[in-house]
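Novice: Below you'll find the structure I mean.
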Amino acid sequence: MTRRRWAVPLAMLLGALAVLVLPAAPASAHATLVQTAPVAATVLDQLPGEVTLTFSEPVRLVTDKIRITGPDGKRADTGKPAVRDTELVIPVKPDGPKGTYLVSYRIISADSHPVSGGYSFSYGQPSATPSADDPGASVQTDPVVKNVMSVARFLGFAGLVLLVGPALVLFALWPRRLSARDPGRVAQAGAGLLAISTILELYVQIPYTAGTSLFDVTGNAAREVLGTPFGAAHLVRLGVVIATALLLRPLIAGRAGKIDQTLLVILGVVGLATWPIAGHPSASPVPTLTVVADAAHIAAMSIWLGGLVMLFGFLLRRANTRELTAIVPVWSGWALFAITVLVLAGTAQALVEIGTIDALTGTLYGQIVIAKVALLAVVVAVAAYSRRLTSRRFTPSPVAAGVGEIPAVSDVEDPSEADAEDEADEAVEEPEEPAERPAPLAEAGDRKKLRTAVLVEVAIAVVVLALTSVLVQTSPARSAADATPAGPFTSTVSTSLLKLQVDISPGKVGPNSIHLYATKADGSGLPQTVVEWKATAALPSKGIEPLTVPLLAVSDDHSIGQVSLVTAGTWEFKFTARVDDLNQTTVTVQVPVKS
């Protein structure tokens, strides 16, 4: 294997090692809740005048999706919530009833993705966690909306491939003797598909942001979306697609001048930039790096896959052997460069968006990235076979080429003229001695092998595109890992004897405090007397057996304790509450603990 053929596998290996070994960067993309006031699961003597939620990055409000529900199931917030950079402030009605309050929210993070969640606190005494009476209280994303958004993004990637690949091949590699009508139609279809995808993404972003159904769209919600960076980027993309479609006509007709070509390049750069600006890269700690890397990643993907489509669909079917001898080696060099950019740009993004082994293996984002890398490795292996076939069967020897160089595509526009000139040269001058026998030219079988290899590359790349469409809808690995509750942890477990509220803080490695609150099982919220408390903590995944946790009853229904958690993971706590001489109950809770 030559040095150049080692380049891509070596780059992939170094990229993977870098992702796993290099230090982690700061958290990025998708806002996560880092602090609340009041603290989750606390019991207050006085009802606060406002609730403050602090996120990991600046956020925007979603109209009527931020509320506080009181113990009676009615709204306990008043006025309009306000955003102060990373803080969300919700005013609370005074003189509310005693019991547990539920805070629910839906906000938009800096990367235009909605983030929803909630927590509870109590005033006076804990009660059953309330549920809102009106359907507008829901902060979850409609699965249909999320799936349609993924489909729209896939159509966008497919349209980009069908637009960029044919346009580039028509500009630089297309033989003049062949009609450009059919490849031109493919490029125009790609532009149309990209326009449809852009409009569809803009529309679906409205219910996706608001947390409504696919057809539940209002004018106010639409204006909010259009006023965001996501909306602006998509409007720019739509304008770029329309302008590009107009400039494709002279390119297809072979009449594109320098100005047309320059405008197409400028439009391409602007259009590619709209993808990272409207997604995760723009919200990273190093946006310049991730925006450039993402744009390069998308450009390389479009050139590579679009070129494969042209090679499989047109050139290997229509070009003659002499033309392929000029085209295929050039394309092979382009493909090698594109794959290298894909690997390097993907590595740069992974360092920012993943950063740790736990984030790579323990989150959906990381698992999708692993699947993409595995598929890319298969594609690279097939591409290496194609490149070897190209170098052996489609690259002429110096004697065959005449001057030791690959003939230009423009030199093979008319094979009959080339043959006539060769015959005339032979008639004028005979060689003094037999020349070295040229390497055998590509035959029909070689074309078939190359077409099969290209088809495999295209098929796998389509699957990679589908994974990418899901990936851009998924919270980045580092954000997902950071979103794992770090405490305080709170949970309410119901049994036939009582309801037990468990509060463990701070939910990190080291000392943690435990608060247990028992209420009657009938849901009345009245205290339940417990005469004896017992607790254990274990981490089965790392072989840590149950450890006894000492508890101290501070009242009939309230017990406290202290435990030292030595390592991160999902700890298993078991609490036993004896209510009288004959009756006791044991509950188990899974508590995520971070380092």
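Chains: A, B, ... in order of the structure tokens. Residues: from 1 per chain. Ligands: from 1, in order shown.
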Could you pull out the alpha helix (DSSP H) residues of segment 179-248 of chain A from DSSP and send them as a PyMOL selection string?
Specialist: chain A and resi 181-210+219-226+229-248
Novice: Could you make a table, as CSV, of the residues of segment 519-542 of chain A that have an atom within 6 Å of an atom of segment 490-500 of chain A, each with its nearest atom pair and distance in Å to one decimal, counting only C-alpha atoms, in chain and number order?
Specialist:
```
residue,atom,partner,partner_atom,distance
A:Thr519,CA,A:Lys499,CA,5.2
A:Lys520,CA,A:Leu498,CA,4.8
A:Ala521,CA,A:Leu498,CA,4.1
```
Novice: Put those residues in a file: C-alpha atoms, as a PDB file, in the first residue's frame.
Specialist:
```pdb
ATOM      1  CA  THR A 519     -47.234  10.849  53.670  1.00  0.00           C
ATOM      2  CA  LYS A 520     -50.387   8.756  53.797  1.00  0.00           C
ATOM      3  CA  ALA A 521     -51.031   6.385  50.899  1.00  0.00           C
TER       4      ALA A 521
END
```
Novice: Let me make sure I understand: among A:Leu163, A:Val579, A:Leu552, A:Ile504, which one has the smallest atom-to-atom distance to Ser564 of chain A if we use only C-alpha atoms?
Specialist: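 Residue with the minimum atom-to-atom distance to Ser564 of chain A: A:Ile504.
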Novice: Could you tell me how far atom CA of Pro97 of chain A lies from atom CA of Lys65 of chain A, in Å and to one decimal?
Specialist: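 These two atoms are separated by 22.5 Å.
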Novice: Quick one: residues within 7 Å of segment 378-392 of chain A, only C-alpha atoms, excluding same-chain residues fewer than 3 positions away - as a list in words?
Specialist: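 Skipping anything fewer than 3 positions along the chain leaves Val328, Pro329, Ser332, Ala374, Leu375, Thr395, Leu450, Ala453, Glu457 and Ile460 of chain A.
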Novice: I'd like the contact shell of segment 587-590 of chain A - 8 Å cut-off, only C-alpha atoms, skipping same-chain residues fewer than 5 positions apart - returned as a PyMOL selection string.
Specialist: chain A and resi 491+493+495+570-576
Novice: From a DSSP calculation on the backbone, collect every residue of segment 103-318 of chain A in strand (DSSP E or B) and output the set as a ChimeraX atom specification.
Specialist: /A:103-108,114-123
